[in-house]
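Novice: Data: start-v5.pdb, PDB, N, CA and C atoms.
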ATOM      1  N   MET A   1      31.017 -30.119  31.909
ATOM      2  CA  MET A   1      31.662 -28.975  31.308
ATOM      3  C   MET A   1      31.420 -28.950  29.794
ATOM      4  N   GLU A   2      31.497 -30.090  29.156
ATOM      5  CA  GLU A   2      31.269 -30.157  27.717
ATOM      6  C   GLU A   2      29.824 -29.837  27.370
ATOM      7  N   GLU A   3      28.888 -30.211  28.239
ATOM      8  CA  GLU A   3      27.479 -29.937  27.973
ATOM      9  C   GLU A   3      27.212 -28.443  27.987
ATOM     10  N   ASN A   4      27.863 -27.701  28.866
ATOM     11  CA  ASN A   4      27.673 -26.259  28.922
ATOM     12  C   ASN A   4      28.162 -25.587  27.648
ATOM     13  N   LYS A   5      29.262 -26.077  27.095
ATOM     14  CA  LYS A   5      29.787 -25.498  25.860
ATOM     15  C   LYS A   5      28.834 -25.723  24.704
ATOM     16  N   THR A   6      28.229 -26.904  24.626
ATOM     17  CA  THR A   6      27.307 -27.161  23.520
ATOM     18  C   THR A   6      26.038 -26.328  23.670
ATOM     19  N   ILE A   7      25.592 -26.105  24.878
ATOM     20  CA  ILE A   7      24.405 -25.273  25.092
ATOM     21  C   ILE A   7      24.713 -23.825  24.723
ATOM     22  N   GLU A   8      25.886 -23.323  25.087
ATOM     23  CA  GLU A   8      26.267 -21.954  24.740
ATOM     24  C   GLU A   8      26.390 -21.792  23.234
ATOM     25  N   ASN A   9      26.944 -22.769  22.545
ATOM     26  CA  ASN A   9      27.100 -22.688  21.103
ATOM     27  C   ASN A   9      25.753 -22.699  20.393
ATOM     28  N   GLN A  10      24.778 -23.402  20.952
ATOM     29  CA  GLN A  10      23.464 -23.449  20.332
ATOM     30  C   GLN A  10      22.696 -22.159  20.565
ATOM     31  N   SER A  11      22.930 -21.468  21.654
ATOM     32  CA  SER A  11      22.175 -20.257  21.945
ATOM     33  C   SER A  11      22.677 -19.052  21.155
ATOM     34  N   LYS A  12      23.911 -19.030  20.734
ATOM     35  CA  LYS A  12      24.442 -17.887  20.002
ATOM     36  C   LYS A  12      23.758 -17.686  18.647
ATOM     37  N   PRO A  13      23.560 -18.710  17.838
ATOM     38  CA  PRO A  13      22.867 -18.471  16.571
ATOM     39  C   PRO A  13      21.431 -17.994  16.767
ATOM     40  N   ALA A  14      20.763 -18.433  17.816
ATOM     41  CA  ALA A  14      19.396 -17.977  18.062
ATOM     42  C   ALA A  14      19.379 -16.483  18.362
ATOM     43  N   ALA A  15      20.356 -16.000  19.107
ATOM     44  CA  ALA A  15      20.439 -14.570  19.400
ATOM     45  C   ALA A  15      20.738 -13.782  18.133
ATOM     46  N   ALA A  16      21.570 -14.329  17.263
ATOM     47  CA  ALA A  16      21.888 -13.650  16.014
ATOM     48  C   ALA A  16      20.657 -13.559  15.124
ATOM     49  N   VAL A  17      19.874 -14.617  15.092
ATOM     50  CA  VAL A  17      18.641 -14.595  14.295
ATOM     51  C   VAL A  17      17.653 -13.601  14.885
ATOM     52  N   LYS A  18      17.584 -13.539  16.206
ATOM     53  CA  LYS A  18      16.686 -12.601  16.876
ATOM     54  C   LYS A  18      17.080 -11.169  16.533
ATOM     55  N   ASN A  19      18.361 -10.853  16.569
ATOM     56  CA  ASN A  19      18.819  -9.508  16.224
ATOM     57  C   ASN A  19      18.556  -9.202  14.760
ATOM     58  N   ARG A  20      18.741 -10.193  13.896
ATOM     59  CA  ARG A  20      18.518  -9.982  12.470
ATOM     60  C   ARG A  20      17.040  -9.714  12.199
ATOM     61  N   ASN A  21      16.146 -10.435  12.875
ATOM     62  CA  ASN A  21      14.718 -10.190  12.683
ATOM     63  C   ASN A  21      14.344  -8.783  13.139
ATOM     64  N   GLY A  22      14.940  -8.329  14.221
ATOM     65  CA  GLY A  22      14.697  -6.971  14.677
ATOM     66  C   GLY A  22      15.152  -5.947  13.649
ATOM     67  N   LEU A  23      16.278  -6.209  13.006
ATOM     68  CA  LEU A  23      16.763  -5.293  11.967
ATOM     69  C   LEU A  23      15.857  -5.299  10.752
ATOM     70  N   TYR A  24      15.303  -6.457  10.405
ATOM     71  CA  TYR A  24      14.356  -6.519   9.291
ATOM     72  C   TYR A  24      13.112  -5.695   9.601
ATOM     73  N   VAL A  25      12.614  -5.799  10.822
ATOM     74  CA  VAL A  25      11.426  -5.035  11.213
ATOM     75  C   VAL A  25      11.734  -3.540  11.178
ATOM     76  N   ILE A  26      12.902  -3.148  11.648
ATOM     77  CA  ILE A  26      13.281  -1.732  11.616
ATOM     78  C   ILE A  26      13.430  -1.255  10.166
ATOM     79  N   GLY A  27      13.967  -2.094   9.303
ATOM     80  CA  GLY A  27      14.080  -1.737   7.887
ATOM     81  C   GLY A  27      12.727  -1.518   7.235
ATOM     82  N   VAL A  28      11.781  -2.401   7.526
ATOM     83  CA  VAL A  28      10.421  -2.235   6.999
ATOM     84  C   VAL A  28       9.796  -0.971   7.575
ATOM     85  N   ALA A  29      10.046  -0.696   8.854
ATOM     86  CA  ALA A  29       9.501   0.502   9.487
ATOM     87  C   ALA A  29      10.037   1.765   8.832
ATOM     88  N   ILE A  30      11.311   1.776   8.501
ATOM     89  CA  ILE A  30      11.893   2.954   7.841
ATOM     90  C   ILE A  30      11.286   3.140   6.455
ATOM     91  N   ALA A  31      11.058   2.029   5.748
ATOM     92  CA  ALA A  31      10.417   2.121   4.434
ATOM     93  C   ALA A  31       8.996   2.670   4.564
ATOM     94  N   ILE A  32       8.262   2.245   5.572
ATOM     95  CA  ILE A  32       6.903   2.752   5.802
ATOM     96  C   ILE A  32       6.944   4.238   6.173
ATOM     97  N   LEU A  33       7.933   4.633   6.973
ATOM     98  CA  LEU A  33       8.067   6.054   7.318
ATOM     99  C   LEU A  33       8.350   6.903   6.087
ATOM    100  N   VAL A  34       9.237   6.442   5.227
ATOM    101  CA  VAL A  34       9.552   7.192   4.006
ATOM    102  C   VAL A  34       8.305   7.304   3.134
ATOM    103  N   LEU A  35       7.560   6.211   3.004
ATOM    104  CA  LEU A  35       6.325   6.242   2.229
ATOM    105  C   LEU A  35       5.307   7.196   2.860
ATOM    106  N   GLY A  36       5.185   7.166   4.174
ATOM    107  CA  GLY A  36       4.251   8.047   4.857
ATOM    108  C   GLY A  36       4.596   9.516   4.674
ATOM    109  N   TYR A  37       5.887   9.847   4.775
ATOM    110  CA  TYR A  37       6.289  11.242   4.579
ATOM    111  C   TYR A  37       6.149  11.666   3.114
ATOM    112  N   TYR A  38       6.354  10.718   2.194
ATOM    113  CA  TYR A  38       6.152  11.047   0.781
ATOM    114  C   TYR A  38       4.670  11.325   0.511
ATOM    115  N   ILE A  39       3.796  10.480   1.047
ATOM    116  CA  ILE A  39       2.365  10.698   0.863
ATOM    117  C   ILE A  39       1.932  11.993   1.546
ATOM    118  N   LEU A  40       2.600  12.368   2.617
ATOM    119  CA  LEU A  40       2.284  13.619   3.307
ATOM    120  C   LEU A  40       2.483  14.832   2.396
ATOM    121  N   THR A  41       3.366  14.725   1.423
ATOM    122  CA  THR A  41       3.565  15.841   0.491
ATOM    123  C   THR A  41       2.386  15.998  -0.466
ATOM    124  N   LYS A  42       1.538  14.988  -0.579
ATOM    125  CA  LYS A  42       0.392  15.025  -1.484
ATOM    126  C   LYS A  42      -0.885  15.553  -0.819
ATOM    127  N   VAL A  43      -0.815  15.902   0.457
ATOM    128  CA  VAL A  43      -1.991  16.371   1.193
ATOM    129  C   VAL A  43      -2.328  17.789   0.752
ATOM    130  N   ASN A  44      -3.636  18.048   0.562
ATOM    131  CA  ASN A  44      -4.041  19.415   0.228
ATOM    132  C   ASN A  44      -4.095  20.267   1.497
ATOM    133  N   ALA A  45      -4.438  21.539   1.359
ATOM    134  CA  ALA A  45      -4.327  22.497   2.468
ATOM    135  C   ALA A  45      -5.214  22.146   3.662
ATOM    136  N   ASP A  46      -6.399  21.620   3.431
ATOM    137  CA  ASP A  46      -7.274  21.295   4.558
ATOM    138  C   ASP A  46      -7.261  19.807   4.908
ATOM    139  N   ALA A  47      -6.390  19.054   4.319
ATOM    140  CA  ALA A  47      -6.189  17.619   4.605
ATOM    141  C   ALA A  47      -7.467  16.808   4.445
ATOM    142  N   SER A  48      -8.231  17.126   3.411
ATOM    143  CA  SER A  48      -9.489  16.422   3.205
ATOM    144  C   SER A  48      -9.387  15.320   2.152
ATOM    145  N   ASN A  49      -8.230  15.130   1.556
ATOM    146  CA  ASN A  49      -8.100  14.071   0.553
ATOM    147  C   ASN A  49      -7.596  12.780   1.204
ATOM    148  N   TRP A  50      -7.411  11.753   0.381
ATOM    149  CA  TRP A  50      -7.011  10.434   0.888
ATOM    150  C   TRP A  50      -5.645  10.490   1.559
ATOM    151  N   ALA A  51      -4.754  11.321   1.067
ATOM    152  CA  ALA A  51      -3.406  11.393   1.631
ATOM    153  C   ALA A  51      -3.430  11.961   3.048
ATOM    154  N   GLY A  52      -4.384  12.826   3.322
ATOM    155  CA  GLY A  52      -4.511  13.380   4.666
ATOM    156  C   GLY A  52      -4.939  12.350   5.689
ATOM    157  N   ALA A  53      -5.593  11.298   5.239
ATOM    158  CA  ALA A  53      -6.008  10.223   6.154
ATOM    159  C   ALA A  53      -4.977   9.112   6.243
ATOM    160  N   VAL A  54      -4.295   8.836   5.150
ATOM    161  CA  VAL A  54      -3.371   7.692   5.100
ATOM    162  C   VAL A  54      -2.000   8.018   5.688
ATOM    163  N   SER A  55      -1.471   9.194   5.405
ATOM    164  CA  SER A  55      -0.102   9.502   5.825
ATOM    165  C   SER A  55       0.093   9.498   7.340
ATOM    166  N   PRO A  56      -0.817  10.042   8.155
ATOM    167  CA  PRO A  56      -0.580   9.950   9.605
ATOM    168  C   PRO A  56      -0.585   8.521  10.121
ATOM    169  N   ILE A  57      -1.431   7.687   9.533
ATOM    170  CA  ILE A  57      -1.475   6.277   9.942
ATOM    171  C   ILE A  57      -0.157   5.595   9.623
ATOM    172  N   LEU A  58       0.371   5.846   8.428
ATOM    173  CA  LEU A  58       1.651   5.235   8.047
ATOM    174  C   LEU A  58       2.797   5.742   8.919
ATOM    175  N   ILE A  59       2.812   7.030   9.204
ATOM    176  CA  ILE A  59       3.907   7.598   9.988
ATOM    177  C   ILE A  59       3.874   7.074  11.423
ATOM    178  N   ILE A  60       2.714   7.093  12.035
ATOM    179  CA  ILE A  60       2.613   6.581  13.408
ATOM    180  C   ILE A  60       2.899   5.084  13.442
ATOM    181  N   GLY A  61       2.370   4.348  12.466
ATOM    182  CA  GLY A  61       2.644   2.914  12.393
ATOM    183  C   GLY A  61       4.120   2.619  12.193
ATOM    184  N   GLY A  62       4.803   3.453  11.414
ATOM    185  CA  GLY A  62       6.235   3.279  11.211
ATOM    186  C   GLY A  62       7.026   3.460  12.489
ATOM    187  N   TYR A  63       6.659   4.473  13.267
ATOM    188  CA  TYR A  63       7.360   4.689  14.532
ATOM    189  C   TYR A  63       7.077   3.571  15.532
ATOM    190  N   ILE A  64       5.865   3.059  15.520
ATOM    191  CA  ILE A  64       5.548   1.924  16.401
ATOM    192  C   ILE A  64       6.359   0.698  15.986
ATOM    193  N   LEU A  65       6.498   0.475  14.680
ATOM    194  CA  LEU A  65       7.290  -0.665  14.214
ATOM    195  C   LEU A  65       8.774  -0.522  14.559
ATOM    196  N   VAL A  66       9.286   0.695  14.579
ATOM    197  CA  VAL A  66      10.672   0.890  15.008
ATOM    198  C   VAL A  66      10.830   0.420  16.453
ATOM    199  N   ALA A  67       9.886   0.779  17.301
ATOM    200  CA  ALA A  67       9.945   0.355  18.707
ATOM    201  C   ALA A  67       9.829  -1.165  18.817
ATOM    202  N   VAL A  68       8.951  -1.761  18.013
ATOM    203  CA  VAL A  68       8.806  -3.222  18.028
ATOM    204  C   VAL A  68      10.103  -3.887  17.568
ATOM    205  N   GLY A  69      10.726  -3.339  16.537
ATOM    206  CA  GLY A  69      11.988  -3.895  16.049
ATOM    207  C   GLY A  69      13.092  -3.810  17.077
ATOM    208  N   ILE A  70      13.115  -2.733  17.833
ATOM    209  CA  ILE A  70      14.111  -2.609  18.905
ATOM    210  C   ILE A  70      13.847  -3.640  19.983
ATOM    211  N   LEU A  71      12.588  -3.821  20.337
ATOM    212  CA  LEU A  71      12.254  -4.793  21.379
ATOM    213  C   LEU A  71      12.494  -6.225  20.935
ATOM    214  N   ILE A  72      12.284  -6.524  19.660
ATOM    215  CA  ILE A  72      12.558  -7.873  19.149
ATOM    216  C   ILE A  72      14.036  -8.166  19.237
ATOM    217  N   GLY A  73      14.870  -7.193  18.935
ATOM    218  CA  GLY A  73      16.318  -7.397  18.949
ATOM    219  C   GLY A  73      16.942  -7.218  20.313
ATOM    220  N   TRP A  74      16.165  -6.973  21.326
ATOM    221  CA  TRP A  74      16.694  -6.706  22.669
ATOM    222  C   TRP A  74      17.168  -8.003  23.307
ATOM    223  N   ASP A  75      18.410  -8.021  23.742
ATOM    224  CA  ASP A  75      18.943  -9.198  24.440
ATOM    225  C   ASP A  75      18.990  -8.930  25.934
ATOM    226  N   GLU A  76      18.613  -9.920  26.687
ATOM    227  CA  GLU A  76      18.627  -9.769  28.144
ATOM    228  C   GLU A  76      19.860 -10.416  28.725
TER     229      GLU A  76
END
How does this structure look as structure tokens?

Specialist:
Amino acid sequence: MEENKTIENQSKPAAAVKNRNGLYVIGVAIAILVLGYYILTKVNADASNWAGAVSPILIIGGYILVAVGILIGWDE
């Protein structure tokens, strides 16, 4: 009975760290999304400048990172 309690106590901090890492990834993803949308404002009408190539990559990458952050923090 005592062994089960020590195993449960050791697993709780690992889950907390896992959730925290997921939140860090989501935070970075939100920062990348904000940067991507800001760069999107610099695109010219025909999207032929550097911002037209970079902003979609940042925006899509940001959304993918949000999904990764959710999956990292997912507890089973």

Novice: Range 53-58 of chain A: which residues within 8 Å, counting all atoms listed in the file, same-chain residues fewer than 5 positions away excluded, as an NGL selection string?

Specialist: :A and (32-41 or 43 or 47-48 or 63-64)

Novice: Using only N, CA and C atoms, please write the residues we just selected to a file, as a JSON list (two decimals), keeping the file's coordinate frame.

Specialist:
[["chain", "number", "residue", "atom", "x", "y", "z"],
["A", 32, "ILE", "N", 8.26, 2.24, 5.57],
["A", 32, "ILE", "CA", 6.90, 2.75, 5.80],
["A", 32, "ILE", "C", 6.94, 4.24, 6.17],
["A", 33, "LEU", "N", 7.93, 4.63, 6.97],
["A", 33, "LEU", "CA", 8.07, 6.05, 7.32],
["A", 33, "LEU", "C", 8.35, 6.90, 6.09],
["A", 34, "VAL", "N", 9.24, 6.44, 5.23],
["A", 34, "VAL", "CA", 9.55, 7.19, 4.01],
["A", 34, "VAL", "C", 8.30, 7.30, 3.13],
["A", 35, "LEU", "N", 7.56, 6.21, 3.00],
["A", 35, "LEU", "CA", 6.32, 6.24, 2.23],
["A", 35, "LEU", "C", 5.31, 7.20, 2.86],
["A", 36, "GLY", "N", 5.18, 7.17, 4.17],
["A", 36, "GLY", "CA", 4.25, 8.05, 4.86],
["A", 36, "GLY", "C", 4.60, 9.52, 4.67],
["A", 37, "TYR", "N", 5.89, 9.85, 4.78],
["A", 37, "TYR", "CA", 6.29, 11.24, 4.58],
["A", 37, "TYR", "C", 6.15, 11.67, 3.11],
["A", 38, "TYR", "N", 6.35, 10.72, 2.19],
["A", 38, "TYR", "CA", 6.15, 11.05, 0.78],
["A", 38, "TYR", "C", 4.67, 11.32, 0.51],
["A", 39, "ILE", "N", 3.80, 10.48, 1.05],
["A", 39, "ILE", "CA", 2.37, 10.70, 0.86],
["A", 39, "ILE", "C", 1.93, 11.99, 1.55],
["A", 40, "LEU", "N", 2.60, 12.37, 2.62],
["A", 40, "LEU", "CA", 2.28, 13.62, 3.31],
["A", 40, "LEU", "C", 2.48, 14.83, 2.40],
["A", 41, "THR", "N", 3.37, 14.72, 1.42],
["A", 41, "THR", "CA", 3.56, 15.84, 0.49],
["A", 41, "THR", "C", 2.39, 16.00, -0.47],
["A", 43, "VAL", "N", -0.82, 15.90, 0.46],
["A", 43, "VAL", "CA", -1.99, 16.37, 1.19],
["A", 43, "VAL", "C", -2.33, 17.79, 0.75],
["A", 47, "ALA", "N", -6.39, 19.05, 4.32],
["A", 47, "ALA", "CA", -6.19, 17.62, 4.61],
["A", 47, "ALA", "C", -7.47, 16.81, 4.44],
["A", 48, "SER", "N", -8.23, 17.13, 3.41],
["A", 48, "SER", "CA", -9.49, 16.42, 3.20],
["A", 48, "SER", "C", -9.39, 15.32, 2.15],
["A", 63, "TYR", "N", 6.66, 4.47, 13.27],
["A", 63, "TYR", "CA", 7.36, 4.69, 14.53],
["A", 63, "TYR", "C", 7.08, 3.57, 15.53],
["A", 64, "ILE", "N", 5.86, 3.06, 15.52],
["A", 64, "ILE", "CA", 5.55, 1.92, 16.40],
["A", 64, "ILE", "C", 6.36, 0.70, 15.99]]

Novice: So which residues get picked by the PyMOL selection byres (((chain A and resi 27 and name CA) around 12) and name CA) here, written as JSON, numbers by chain?

Specialist: {"A": [20, 21, 22, 23, 24, 25, 26, 28, 29, 30, 31, 32, 33, 34, 62, 63, 65, 66, 67, 68, 69, 70]}

Novice: Would you mind exporting the chosen residues as a short mmCIF file (atom, residue, chain, number, x, y, z; two decimals), in the frame of the given file, restricted to N, CA and C atoms?

Specialist:
data_model
loop_
_atom_site.label_atom_id
_atom_site.label_comp_id
_atom_site.auth_asym_id
_atom_site.auth_seq_id
_atom_site.Cartn_x
_atom_site.Cartn_y
_atom_site.Cartn_z
N ARG A 20 18.74 -10.19 13.90
CA ARG A 20 18.52 -9.98 12.47
C ARG A 20 17.04 -9.71 12.20
N ASN A 21 16.15 -10.44 12.88
CA ASN A 21 14.72 -10.19 12.68
C ASN A 21 14.34 -8.78 13.14
N GLY A 22 14.94 -8.33 14.22
CA GLY A 22 14.70 -6.97 14.68
C GLY A 22 15.15 -5.95 13.65
N LEU A 23 16.28 -6.21 13.01
CA LEU A 23 16.76 -5.29 11.97
C LEU A 23 15.86 -5.30 10.75
N TYR A 24 15.30 -6.46 10.40
CA TYR A 24 14.36 -6.52 9.29
C TYR A 24 13.11 -5.70 9.60
N VAL A 25 12.61 -5.80 10.82
CA VAL A 25 11.43 -5.04 11.21
C VAL A 25 11.73 -3.54 11.18
N ILE A 26 12.90 -3.15 11.65
CA ILE A 26 13.28 -1.73 11.62
C ILE A 26 13.43 -1.25 10.17
N VAL A 28 11.78 -2.40 7.53
CA VAL A 28 10.42 -2.24 7.00
C VAL A 28 9.80 -0.97 7.58
N ALA A 29 10.05 -0.70 8.85
CA ALA A 29 9.50 0.50 9.49
C ALA A 29 10.04 1.76 8.83
N ILE A 30 11.31 1.78 8.50
CA ILE A 30 11.89 2.95 7.84
C ILE A 30 11.29 3.14 6.46
N ALA A 31 11.06 2.03 5.75
CA ALA A 31 10.42 2.12 4.43
C ALA A 31 9.00 2.67 4.56
N ILE A 32 8.26 2.24 5.57
CA ILE A 32 6.90 2.75 5.80
C ILE A 32 6.94 4.24 6.17
N LEU A 33 7.93 4.63 6.97
CA LEU A 33 8.07 6.05 7.32
C LEU A 33 8.35 6.90 6.09
N VAL A 34 9.24 6.44 5.23
CA VAL A 34 9.55 7.19 4.01
C VAL A 34 8.30 7.30 3.13
N GLY A 62 4.80 3.45 11.41
CA GLY A 62 6.24 3.28 11.21
C GLY A 62 7.03 3.46 12.49
N TYR A 63 6.66 4.47 13.27
CA TYR A 63 7.36 4.69 14.53
C TYR A 63 7.08 3.57 15.53
N LEU A 65 6.50 0.48 14.68
CA LEU A 65 7.29 -0.66 14.21
C LEU A 65 8.77 -0.52 14.56
N VAL A 66 9.29 0.70 14.58
CA VAL A 66 10.67 0.89 15.01
C VAL A 66 10.83 0.42 16.45
N ALA A 67 9.89 0.78 17.30
CA ALA A 67 9.94 0.36 18.71
C ALA A 67 9.83 -1.16 18.82
N VAL A 68 8.95 -1.76 18.01
CA VAL A 68 8.81 -3.22 18.03
C VAL A 68 10.10 -3.89 17.57
N GLY A 69 10.73 -3.34 16.54
CA GLY A 69 11.99 -3.90 16.05
C GLY A 69 13.09 -3.81 17.08
N ILE A 70 13.12 -2.73 17.83
CA ILE A 70 14.11 -2.61 18.90
C ILE A 70 13.85 -3.64 19.98
#

Novice: For atom N of Ile60 in chain A and CA of Gly73 in chain A, determine how far apart the two atoms are, in Å to one decimal place.

Specialist: 21.0 Å

Novice: Would you compute the distance between atom N of Asn44 in chain A and atom N of Ile59 in chain A? Give it in Å to one decimal.

Specialist: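 Those two atoms sit 15.4 Å apart.
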
Novice: Hey, can you check how far atom C of Val17 in chain A sits from atom C of Gly61 in chain A?

Specialist: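 About the pair atom C of Val17 in chain A and atom C of Gly61 in chain A: they are 21.3 Å apart.
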
Novice: List every residue of range 5-74 of chain A that DSSP, applied to the backbone, labels as helix (DSSP H, G or I), and write the result as a ChimeraX atom specification.

Specialist: /A:5-40,50-72

Novice: Around all the atoms of range 55-59 of chain A listed in the file, with 5 Å of room on each side, what axis-aligned box do you get, giving centre and edge lengths in Å to one decimal, as lines of an AutoDock Vina configuration file?

Specialist:
center_x = 1.2
center_y = 7.6
center_z = 8.4
size_x = 15.4
size_y = 14.8
size_z = 16.0
